[in-house]
Amino acid sequence: MAGAASALFLLDIKGRVLIWRDYRGDVSSVQAERFFTKFIEKEDDPKSQDPVVYDSGVTYMFIQHNNVYLMAASRQNCNAASLLLFLHRLVDVFKYYFEELEEESLRDNFVVVYELLDEIMDFGFPQFTEAKILSEFIKTDAYKMEVTQRPPMAVTNAVSWRSEGIQYKKNEVFLDVVESVNILVNSNGQIIRSDVVGALKMRTYLSGMPECKLGLNDKVLLEAQGRTSKGKAIDLDDIKFHQCVRLARFENDRTISFIPPDGAFDLMTYRLSTQVKPLIWVEAQVEKHSRSRIEITVKARSQYKDRSTATNVEIELPVPSDATNPNVRTSMGSAAYAPENDALVWKIKSFPGNKEYMLRAEFSLPSITAEEPAPERKAPIRVKFEIPYFTVSGIQVRYLKIIEKSGYHALPWVRYITKAGEYELRLM
């Protein structure tokens, strides 16, 4: 029975217990409050930032959301990462019920909070945290319930994330393959960091209990089958699945098979740590004319194939904080001075592949300067964009099969999107 939580605490910003649930009877609320008050007093100490703290034989794990702390306490050698993830899932459940998790929403709904704490954890072991399923038998307006509610089958089922008897006139599945490109370029134009974080986002509107099978151009799978893909096979790192995916099946033959939840969810996330060529490259030159004028010349070049087009491109260029009277000319798009961010924002609605655009900007500087000029703050150039029907990794959905015992035909829709994540060039 090792690894269970002794109690769950919901505390206010000062560390006072608002609501708590005792699961094993070996940690008191007084003990937890005393520890947390002492902990908050040491907030300036860098060591006190740890989300897991051991004190007087008890391990405390906590997270903060708005003006509320959620804390689990255990006297056992528990899996801290698992309990921290459980606390984050608990936040999602409360947000589903109360729109926003704050001290006020907890005080207004403490009856529902206690009901939820009873259901999501049993004797210190996490049970299920699917808000949709919980909402079927724990109602927010508890006083309106006249008939004793039976828990839905999903609670006692192996499939705790989907209810039975779901019906749709039109059965459809939407799968979005979304990749975020993270790039950091230093002042010499060298790429310091580059990776791609991907997610397979699904929205399912399917009747009954459908079985879905998804095939990707996964290098390990294709090599195991002795097959070759028309395009390139990809090697994915740090794969993380939604709980509906059968992990044993994936480990065995790399098939992603699952019974999906109803509605929107992230089926899978992954990372590629290969060197990525910057999709939009920006070059900037800054010329200072005497002390009263500064001129910035910027070239933006797309480094992807002609058939792809980036949309909603936004290039944020840092300018001196005391710059005024902007005079801007662009070969494409529009530029606006944002003095609150000390930046010039260049927006291009459509940026086709292998194209280059230019921007020239002139700013006035104050004629009077301090004898000892303040050290110059060098902010990076930040780029935002979206490229539909394109992935950096080359990931492809080879098939998406939907099988249901009633034999209906479902329409699967797949689309690919690449967008900028943390995309920064320290060139100015």
# chains A, B, ... in the order shown; residues from 1 in each chain; ligands from 1
call {"tool": "residues_around", "arguments": {"residues": "Pro210 in chain A", "least_positions_apart": "2", "cutoff": "6 Å", "atoms": "only C-alpha atoms", "output": "JSON, numbers by chain"}}
result
{"A": [259, 403, 404]}
call {"tool": "closest_residue", "arguments": {"among": "A:Ala7, A:Ala300, A:Leu427, A:Leu365", "to": "Asp122 in chain A", "atoms": "only C-alpha atoms"}}
result
A:Ala7
call {"tool": "closest_residue", "arguments": {"among": "A:Ile296, A:Ile381, A:Val185, A:Ala410", "to": "Met358 in chain A", "atoms": "only C-alpha atoms"}}
result
A:Ile296
call {"tool": "residues_around", "arguments": {"residues": "range 311-323 of chain A", "least_positions_apart": "3", "cutoff": "10 Å", "atoms": "only C-alpha atoms", "output": "PyMOL selection string"}}
result
chain A and resi 280+282+284+286+292-294+296+298+300+308+326+333-352+362-366+376-388+419-420+424-425+428
call {"tool": "closest_residue", "arguments": {"among": "A:Cys244, A:Ala361, A:Ile183, A:Val196", "to": "Cys212 in chain A", "atoms": "only C-alpha atoms"}}
result
A:Cys244
call {"tool": "closest_residue", "arguments": {"among": "A:Lys299, A:Lys405, A:Arg107, A:Arg193", "to": "Ile19 in chain A", "atoms": "only C-alpha atoms"}}
result
A:Arg107
call {"tool": "residues_around", "arguments": {"residues": "Arg307 in chain A", "least_positions_apart": "2", "cutoff": "8 Å", "atoms": "only C-alpha atoms", "output": "list in words"}}
result
Lys305, Thr309, Pro352 and Gly353 of chain A
call {"tool": "select_by_dssp", "arguments": {"residues": "range 84-327 of chain A", "states": "alpha helix (DSSP H)", "output": "PDB file with N, CA, C and O atoms, in the first residue's frame"}}
result
ATOM      1  N   LEU A  84       1.646  15.302  -7.930  1.00  0.00           N
ATOM      2  CA  LEU A  84       1.625  16.672  -8.464  1.00  0.00           C
ATOM      3  C   LEU A  84       0.760  16.737  -9.724  1.00  0.00           C
ATOM      4  O   LEU A  84       0.000  17.684  -9.924  1.00  0.00           O
ATOM      5  N   LEU A  85       0.867  15.700 -10.571  1.00  0.00           N
ATOM      6  CA  LEU A  85       0.018  15.629 -11.767  1.00  0.00           C
ATOM      7  C   LEU A  85      -1.449  15.526 -11.354  1.00  0.00           C
ATOM      8  O   LEU A  85      -2.317  16.175 -11.947  1.00  0.00           O
ATOM      9  N   PHE A  86      -1.710  14.746 -10.291  1.00  0.00           N
ATOM     10  CA  PHE A  86      -3.070  14.599  -9.775  1.00  0.00           C
ATOM     11  C   PHE A  86      -3.625  15.954  -9.319  1.00  0.00           C
ATOM     12  O   PHE A  86      -4.786  16.282  -9.583  1.00  0.00           O
ATOM     13  N   LEU A  87      -2.789  16.780  -8.674  1.00  0.00           N
ATOM     14  CA  LEU A  87      -3.232  18.111  -8.223  1.00  0.00           C
ATOM     15  C   LEU A  87      -3.583  19.005  -9.414  1.00  0.00           C
ATOM     16  O   LEU A  87      -4.551  19.765  -9.372  1.00  0.00           O
ATOM     17  N   HIS A  88      -2.785  18.911 -10.501  1.00  0.00           N
ATOM     18  CA  HIS A  88      -3.092  19.689 -11.707  1.00  0.00           C
ATOM     19  C   HIS A  88      -4.411  19.225 -12.331  1.00  0.00           C
ATOM     20  O   HIS A  88      -5.203  20.045 -12.811  1.00  0.00           O
ATOM     21  N   ARG A  89      -4.654  17.908 -12.312  1.00  0.00           N
ATOM     22  CA  ARG A  89      -5.927  17.385 -12.841  1.00  0.00           C
ATOM     23  C   ARG A  89      -7.098  17.844 -11.963  1.00  0.00           C
ATOM     24  O   ARG A  89      -8.196  18.102 -12.453  1.00  0.00           O
ATOM     25  N   LEU A  90      -6.843  17.969 -10.660  1.00  0.00           N
ATOM     26  CA  LEU A  90      -7.866  18.435  -9.716  1.00  0.00           C
ATOM     27  C   LEU A  90      -8.254  19.886 -10.033  1.00  0.00           C
ATOM     28  O   LEU A  90      -9.428  20.251  -9.994  1.00  0.00           O
ATOM     29  N   VAL A  91      -7.256  20.703 -10.400  1.00  0.00           N
ATOM     30  CA  VAL A  91      -7.523  22.092 -10.810  1.00  0.00           C
ATOM     31  C   VAL A  91      -8.452  22.093 -12.024  1.00  0.00           C
ATOM     32  O   VAL A  91      -9.417  22.858 -12.086  1.00  0.00           O
ATOM     33  N   ASP A  92      -8.169  21.205 -13.007  1.00  0.00           N
ATOM     34  CA  ASP A  92      -9.011  21.123 -14.215  1.00  0.00           C
ATOM     35  C   ASP A  92     -10.454  20.749 -13.872  1.00  0.00           C
ATOM     36  O   ASP A  92     -11.395  21.278 -14.457  1.00  0.00           O
ATOM     37  N   VAL A  93     -10.621  19.830 -12.903  1.00  0.00           N
ATOM     38  CA  VAL A  93     -11.968  19.406 -12.484  1.00  0.00           C
ATOM     39  C   VAL A  93     -12.705  20.588 -11.858  1.00  0.00           C
ATOM     40  O   VAL A  93     -13.870  20.866 -12.189  1.00  0.00           O
ATOM     41  N   PHE A  94     -12.041  21.318 -10.939  1.00  0.00           N
ATOM     42  CA  PHE A  94     -12.679  22.464 -10.281  1.00  0.00           C
ATOM     43  C   PHE A  94     -13.039  23.554 -11.302  1.00  0.00           C
ATOM     44  O   PHE A  94     -14.089  24.173 -11.212  1.00  0.00           O
ATOM     45  N   LYS A  95     -12.152  23.761 -12.299  1.00  0.00           N
ATOM     46  CA  LYS A  95     -12.428  24.784 -13.316  1.00  0.00           C
ATOM     47  C   LYS A  95     -13.631  24.375 -14.173  1.00  0.00           C
ATOM     48  O   LYS A  95     -14.411  25.216 -14.607  1.00  0.00           O
ATOM     49  N   TYR A  96     -13.771  23.091 -14.406  1.00  0.00           N
ATOM     50  CA  TYR A  96     -14.917  22.584 -15.179  1.00  0.00           C
ATOM     51  C   TYR A  96     -16.219  22.879 -14.425  1.00  0.00           C
ATOM     52  O   TYR A  96     -17.222  23.245 -15.016  1.00  0.00           O
ATOM     53  N   TYR A  97     -16.183  22.722 -13.092  1.00  0.00           N
ATOM     54  CA  TYR A  97     -17.376  22.926 -12.273  1.00  0.00           C
ATOM     55  C   TYR A  97     -17.661  24.401 -11.995  1.00  0.00           C
ATOM     56  O   TYR A  97     -18.801  24.839 -12.055  1.00  0.00           O
ATOM     57  N   PHE A  98     -16.606  25.171 -11.645  1.00  0.00           N
ATOM     58  CA  PHE A  98     -16.828  26.543 -11.146  1.00  0.00           C
ATOM     59  C   PHE A  98     -16.355  27.623 -12.120  1.00  0.00           C
ATOM     60  O   PHE A  98     -16.246  28.773 -11.728  1.00  0.00           O
ATOM     61  N   GLU A 103     -10.489  31.297  -4.197  1.00  0.00           N
ATOM     62  CA  GLU A 103     -10.952  31.099  -2.817  1.00  0.00           C
ATOM     63  C   GLU A 103     -12.467  31.277  -2.727  1.00  0.00           C
ATOM     64  O   GLU A 103     -13.161  30.492  -2.075  1.00  0.00           O
ATOM     65  N   GLU A 104     -12.985  32.283  -3.414  1.00  0.00           N
ATOM     66  CA  GLU A 104     -14.425  32.576  -3.366  1.00  0.00           C
ATOM     67  C   GLU A 104     -15.254  31.429  -3.933  1.00  0.00           C
ATOM     68  O   GLU A 104     -16.269  31.032  -3.361  1.00  0.00           O
ATOM     69  N   SER A 105     -14.788  30.857  -5.082  1.00  0.00           N
ATOM     70  CA  SER A 105     -15.567  29.760  -5.691  1.00  0.00           C
ATOM     71  C   SER A 105     -15.556  28.510  -4.805  1.00  0.00           C
ATOM     72  O   SER A 105     -16.514  27.749  -4.793  1.00  0.00           O
ATOM     73  N   LEU A 106     -14.469  28.304  -4.032  1.00  0.00           N
ATOM     74  CA  LEU A 106     -14.425  27.167  -3.100  1.00  0.00           C
ATOM     75  C   LEU A 106     -15.392  27.383  -1.946  1.00  0.00           C
ATOM     76  O   LEU A 106     -16.119  26.473  -1.541  1.00  0.00           O
ATOM     77  N   ARG A 107     -15.399  28.609  -1.411  1.00  0.00           N
ATOM     78  CA  ARG A 107     -16.301  28.904  -0.273  1.00  0.00           C
ATOM     79  C   ARG A 107     -17.771  28.781  -0.691  1.00  0.00           C
ATOM     80  O   ARG A 107     -18.606  28.335   0.090  1.00  0.00           O
ATOM     81  N   ASP A 108     -18.077  29.194  -1.938  1.00  0.00           N
ATOM     82  CA  ASP A 108     -19.465  29.137  -2.409  1.00  0.00           C
ATOM     83  C   ASP A 108     -19.926  27.713  -2.698  1.00  0.00           C
ATOM     84  O   ASP A 108     -21.129  27.455  -2.739  1.00  0.00           O
ATOM     85  N   PHE A 110     -18.582  24.590  -1.228  1.00  0.00           N
ATOM     86  CA  PHE A 110     -17.825  23.620  -0.436  1.00  0.00           C
ATOM     87  C   PHE A 110     -18.482  22.244  -0.375  1.00  0.00           C
ATOM     88  O   PHE A 110     -17.811  21.228  -0.261  1.00  0.00           O
ATOM     89  N   VAL A 111     -19.817  22.171  -0.510  1.00  0.00           N
ATOM     90  CA  VAL A 111     -20.505  20.862  -0.491  1.00  0.00           C
ATOM     91  C   VAL A 111     -20.070  20.037  -1.698  1.00  0.00           C
ATOM     92  O   VAL A 111     -19.721  18.858  -1.580  1.00  0.00           O
ATOM     93  N   VAL A 112     -20.060  20.687  -2.873  1.00  0.00           N
ATOM     94  CA  VAL A 112     -19.652  19.999  -4.104  1.00  0.00           C
ATOM     95  C   VAL A 112     -18.171  19.621  -4.032  1.00  0.00           C
ATOM     96  O   VAL A 112     -17.781  18.537  -4.465  1.00  0.00           O
ATOM     97  N   VAL A 113     -17.350  20.508  -3.452  1.00  0.00           N
ATOM     98  CA  VAL A 113     -15.912  20.229  -3.321  1.00  0.00           C
ATOM     99  C   VAL A 113     -15.697  18.962  -2.502  1.00  0.00           C
ATOM    100  O   VAL A 113     -14.916  18.080  -2.882  1.00  0.00           O
ATOM    101  N   TYR A 114     -16.416  18.832  -1.366  1.00  0.00           N
ATOM    102  CA  TYR A 114     -16.267  17.625  -0.538  1.00  0.00           C
ATOM    103  C   TYR A 114     -16.723  16.376  -1.295  1.00  0.00           C
ATOM    104  O   TYR A 114     -16.096  15.311  -1.182  1.00  0.00           O
ATOM    105  N   GLU A 115     -17.810  16.501  -2.054  1.00  0.00           N
ATOM    106  CA  GLU A 115     -18.278  15.354  -2.855  1.00  0.00           C
ATOM    107  C   GLU A 115     -17.210  14.931  -3.864  1.00  0.00           C
ATOM    108  O   GLU A 115     -16.949  13.743  -4.049  1.00  0.00           O
ATOM    109  N   LEU A 116     -16.597  15.924  -4.518  1.00  0.00           N
ATOM    110  CA  LEU A 116     -15.553  15.622  -5.507  1.00  0.00           C
ATOM    111  C   LEU A 116     -14.345  14.980  -4.848  1.00  0.00           C
ATOM    112  O   LEU A 116     -13.783  14.010  -5.364  1.00  0.00           O
ATOM    113  N   LEU A 117     -13.931  15.515  -3.689  1.00  0.00           N
ATOM    114  CA  LEU A 117     -12.764  14.959  -2.993  1.00  0.00           C
ATOM    115  C   LEU A 117     -13.018  13.515  -2.556  1.00  0.00           C
ATOM    116  O   LEU A 117     -12.091  12.711  -2.465  1.00  0.00           O
ATOM    117  N   ASP A 118     -14.277  13.201  -2.280  1.00  0.00           N
ATOM    118  CA  ASP A 118     -14.622  11.811  -1.915  1.00  0.00           C
ATOM    119  C   ASP A 118     -14.505  10.870  -3.108  1.00  0.00           C
ATOM    120  O   ASP A 118     -14.144   9.705  -2.954  1.00  0.00           O
ATOM    121  N   GLU A 119     -14.823  11.367  -4.307  1.00  0.00           N
ATOM    122  CA  GLU A 119     -14.870  10.503  -5.485  1.00  0.00           C
ATOM    123  C   GLU A 119     -13.519  10.345  -6.185  1.00  0.00           C
ATOM    124  O   GLU A 119     -13.214   9.287  -6.713  1.00  0.00           O
ATOM    125  N   ILE A 120     -12.725  11.423  -6.218  1.00  0.00           N
ATOM    126  CA  ILE A 120     -11.509  11.365  -7.021  1.00  0.00           C
ATOM    127  C   ILE A 120     -10.354  10.653  -6.329  1.00  0.00           C
ATOM    128  O   ILE A 120      -9.374  10.297  -6.961  1.00  0.00           O
ATOM    129  N   ALA A 131     -13.626  15.105 -15.650  1.00  0.00           N
ATOM    130  CA  ALA A 131     -14.672  16.020 -15.178  1.00  0.00           C
ATOM    131  C   ALA A 131     -16.033  15.719 -15.803  1.00  0.00           C
ATOM    132  O   ALA A 131     -17.066  15.809 -15.139  1.00  0.00           O
ATOM    133  N   LYS A 132     -16.032  15.347 -17.092  1.00  0.00           N
ATOM    134  CA  LYS A 132     -17.313  15.069 -17.772  1.00  0.00           C
ATOM    135  C   LYS A 132     -18.058  13.924 -17.105  1.00  0.00           C
ATOM    136  O   LYS A 132     -19.271  13.958 -16.943  1.00  0.00           O
ATOM    137  N   ILE A 133     -17.310  12.871 -16.755  1.00  0.00           N
ATOM    138  CA  ILE A 133     -17.943  11.694 -16.120  1.00  0.00           C
ATOM    139  C   ILE A 133     -18.398  12.045 -14.701  1.00  0.00           C
ATOM    140  O   ILE A 133     -19.495  11.693 -14.283  1.00  0.00           O
ATOM    141  N   LEU A 134     -17.564  12.783 -13.957  1.00  0.00           N
ATOM    142  CA  LEU A 134     -17.928  13.180 -12.591  1.00  0.00           C
ATOM    143  C   LEU A 134     -19.203  14.020 -12.598  1.00  0.00           C
ATOM    144  O   LEU A 134     -20.058  13.886 -11.728  1.00  0.00           O
ATOM    145  N   MET A 153     -22.089   4.205 -15.631  1.00  0.00           N
ATOM    146  CA  MET A 153     -21.313   2.973 -15.860  1.00  0.00           C
ATOM    147  C   MET A 153     -19.825   3.259 -16.029  1.00  0.00           C
ATOM    148  O   MET A 153     -18.985   2.443 -15.694  1.00  0.00           O
ATOM    149  N   ALA A 154     -19.508   4.453 -16.571  1.00  0.00           N
ATOM    150  CA  ALA A 154     -18.105   4.778 -16.847  1.00  0.00           C
ATOM    151  C   ALA A 154     -17.253   4.740 -15.586  1.00  0.00           C
ATOM    152  O   ALA A 154     -16.066   4.461 -15.632  1.00  0.00           O
ATOM    153  N   VAL A 155     -17.884   5.018 -14.418  1.00  0.00           N
ATOM    154  CA  VAL A 155     -17.125   5.038 -13.160  1.00  0.00           C
ATOM    155  C   VAL A 155     -16.655   3.637 -12.800  1.00  0.00           C
ATOM    156  O   VAL A 155     -15.556   3.428 -12.295  1.00  0.00           O
ATOM    157  N   THR A 156     -17.517   2.653 -13.045  1.00  0.00           N
ATOM    158  CA  THR A 156     -17.170   1.272 -12.685  1.00  0.00           C
ATOM    159  C   THR A 156     -16.577   0.495 -13.852  1.00  0.00           C
ATOM    160  O   THR A 156     -16.162  -0.631 -13.711  1.00  0.00           O
ATOM    161  N   LYS A 219       9.297   5.466 -37.611  1.00  0.00           N
ATOM    162  CA  LYS A 219      10.494   4.745 -38.073  1.00  0.00           C
ATOM    163  C   LYS A 219      10.594   3.346 -37.454  1.00  0.00           C
ATOM    164  O   LYS A 219      10.844   2.362 -38.145  1.00  0.00           O
ATOM    165  N   VAL A 220      10.356   3.267 -36.142  1.00  0.00           N
ATOM    166  CA  VAL A 220      10.484   1.975 -35.427  1.00  0.00           C
ATOM    167  C   VAL A 220       9.499   0.960 -35.990  1.00  0.00           C
ATOM    168  O   VAL A 220       9.843  -0.189 -36.241  1.00  0.00           O
ATOM    169  N   LEU A 221       8.248   1.409 -36.210  1.00  0.00           N
ATOM    170  CA  LEU A 221       7.207   0.505 -36.725  1.00  0.00           C
ATOM    171  C   LEU A 221       7.541   0.040 -38.141  1.00  0.00           C
ATOM    172  O   LEU A 221       7.487  -1.154 -38.455  1.00  0.00           O
ATOM    173  N   LEU A 222       7.904   0.978 -39.016  1.00  0.00           N
ATOM    174  CA  LEU A 222       8.170   0.627 -40.416  1.00  0.00           C
ATOM    175  C   LEU A 222       9.378  -0.297 -40.538  1.00  0.00           C
ATOM    176  O   LEU A 222       9.400  -1.210 -41.359  1.00  0.00           O
ATOM    177  N   GLU A 223      10.402  -0.079 -39.689  1.00  0.00           N
ATOM    178  CA  GLU A 223      11.584  -0.963 -39.714  1.00  0.00           C
ATOM    179  C   GLU A 223      11.226  -2.357 -39.214  1.00  0.00           C
ATOM    180  O   GLU A 223      11.677  -3.362 -39.752  1.00  0.00           O
ATOM    181  N   ALA A 224      10.374  -2.404 -38.176  1.00  0.00           N
ATOM    182  CA  ALA A 224       9.956  -3.703 -37.619  1.00  0.00           C
ATOM    183  C   ALA A 224       9.155  -4.503 -38.643  1.00  0.00           C
ATOM    184  O   ALA A 224       9.252  -5.726 -38.716  1.00  0.00           O
ATOM    185  N   GLN A 225       8.361  -3.802 -39.450  1.00  0.00           N
ATOM    186  CA  GLN A 225       7.536  -4.483 -40.456  1.00  0.00           C
ATOM    187  C   GLN A 225       8.307  -4.722 -41.757  1.00  0.00           C
ATOM    188  O   GLN A 225       7.790  -5.347 -42.681  1.00  0.00           O
ATOM    189  N   LEU A 247      -1.283   1.233 -23.907  1.00  0.00           N
ATOM    190  CA  LEU A 247       0.184   1.324 -23.936  1.00  0.00           C
ATOM    191  C   LEU A 247       0.831  -0.023 -24.253  1.00  0.00           C
ATOM    192  O   LEU A 247       1.825  -0.084 -24.968  1.00  0.00           O
ATOM    193  N   ALA A 248       0.256  -1.105 -23.717  1.00  0.00           N
ATOM    194  CA  ALA A 248       0.841  -2.438 -23.942  1.00  0.00           C
ATOM    195  C   ALA A 248       0.854  -2.766 -25.434  1.00  0.00           C
ATOM    196  O   ALA A 248       1.833  -3.298 -25.960  1.00  0.00           O
ATOM    197  N   ARG A 249      -0.217  -2.389 -26.126  1.00  0.00           N
ATOM    198  CA  ARG A 249      -0.324  -2.637 -27.570  1.00  0.00           C
ATOM    199  C   ARG A 249       0.726  -1.805 -28.322  1.00  0.00           C
ATOM    200  O   ARG A 249       1.351  -2.276 -29.267  1.00  0.00           O
ATOM    201  N   PHE A 250       0.914  -0.556 -27.893  1.00  0.00           N
ATOM    202  CA  PHE A 250       1.886   0.324 -28.546  1.00  0.00           C
ATOM    203  C   PHE A 250       3.311  -0.214 -28.346  1.00  0.00           C
ATOM    204  O   PHE A 250       4.115  -0.226 -29.267  1.00  0.00           O
ATOM    205  N   GLU A 251       3.595  -0.663 -27.109  1.00  0.00           N
ATOM    206  CA  GLU A 251       4.936  -1.203 -26.810  1.00  0.00           C
ATOM    207  C   GLU A 251       5.192  -2.447 -27.662  1.00  0.00           C
ATOM    208  O   GLU A 251       6.308  -2.687 -28.109  1.00  0.00           O
ATOM    209  N   ASN A 252       4.127  -3.216 -27.878  1.00  0.00           N
ATOM    210  CA  ASN A 252       4.247  -4.487 -28.567  1.00  0.00           C
ATOM    211  C   ASN A 252       4.443  -4.316 -30.072  1.00  0.00           C
ATOM    212  O   ASN A 252       5.408  -4.808 -30.646  1.00  0.00           O
ATOM    213  N   ASP A 253       3.503  -3.587 -30.734  1.00  0.00           N
ATOM    214  CA  ASP A 253       3.600  -3.477 -32.204  1.00  0.00           C
ATOM    215  C   ASP A 253       3.475  -2.046 -32.727  1.00  0.00           C
ATOM    216  O   ASP A 253       3.207  -1.839 -33.910  1.00  0.00           O
TER     217      ASP A 253
END
call {"tool": "select_by_dssp", "arguments": {"residues": "range 301-412 of chain A", "states": "strand (DSSP E)", "output": "ChimeraX atom specification"}}
result
/A:301-302,309-318,324-330,334-338,343-352,356-364,381-388,397-403,411-412
call {"tool": "residues_around", "arguments": {"residues": "Ser56 in chain A", "least_positions_apart": "6", "cutoff": "12 Å", "atoms": "only C-alpha atoms", "output": "NGL selection string"}}
result
:A and (27 or 31-32 or 34-35 or 73-75)
call {"tool": "write_last_selection", "arguments": {"atoms": "C-alpha atoms", "output": "mmCIF file, in the first residue's frame"}}
result
data_model
loop_
_atom_site.group_PDB
_atom_site.id
_atom_site.type_symbol
_atom_site.label_atom_id
_atom_site.label_comp_id
_atom_site.auth_asym_id
_atom_site.auth_seq_id
_atom_site.Cartn_x
_atom_site.Cartn_y
_atom_site.Cartn_z
ATOM 1 C CA VAL A 27 -1.662 13.908 9.133
ATOM 2 C CA GLN A 31 0.125 20.096 11.428
ATOM 3 C CA ALA A 32 -0.267 21.024 7.739
ATOM 4 C CA ARG A 34 1.644 25.097 10.874
ATOM 5 C CA PHE A 35 4.069 23.781 8.224
ATOM 6 C CA ALA A 73 0.518 15.333 2.348
ATOM 7 C CA SER A 74 1.874 11.810 2.837
ATOM 8 C CA ARG A 75 3.775 9.881 5.516
#
call {"tool": "atom_distance", "arguments": {"atom1": "CA of Val392 in chain A", "atom2": "CA of Thr418 in chain A"}}
result
7.1 Å
call {"tool": "atom_distance", "arguments": {"atom1": "CA of Glu179 in chain A", "atom2": "CA of Glu283 in chain A"}}
result
24.4 Å
call {"tool": "residues_around", "arguments": {"residues": "Arg415 in chain A", "least_positions_apart": "6", "cutoff": "7 Å", "atoms": "only C-alpha atoms", "output": "ChimeraX atom specification"}}
result
/A:175-177,389
call {"tool": "write_last_selection", "arguments": {"atoms": "N, CA, C and O atoms", "output": "JSON list (two decimals), in the first residue's frame"}}
result
[["chain", "number", "residue", "atom", "x", "y", "z"],
["A", 175, "LEU", "N", -8.83, 15.45, -36.58],
["A", 175, "LEU", "CA", -7.49, 15.27, -36.02],
["A", 175, "LEU", "C", -6.59, 16.39, -36.53],
["A", 175, "LEU", "O", -6.40, 16.55, -37.73],
["A", 176, "ASP", "N", -6.06, 17.19, -35.60],
["A", 176, "ASP", "CA", -5.12, 18.26, -35.95],
["A", 176, "ASP", "C", -3.72, 17.87, -35.49],
["A", 176, "ASP", "O", -3.53, 17.57, -34.30],
["A", 177, "VAL", "N", -2.79, 17.85, -36.42],
["A", 177, "VAL", "CA", -1.38, 17.61, -36.07],
["A", 177, "VAL", "C", -0.73, 19.01, -35.97],
["A", 177, "VAL", "O", -0.54, 19.68, -36.98],
["A", 389, "TYR", "N", -1.12, 23.02, -43.52],
["A", 389, "TYR", "CA", -0.79, 21.89, -44.43],
["A", 389, "TYR", "C", 0.71, 21.63, -44.49],
["A", 389, "TYR", "O", 1.24, 21.28, -45.54]]
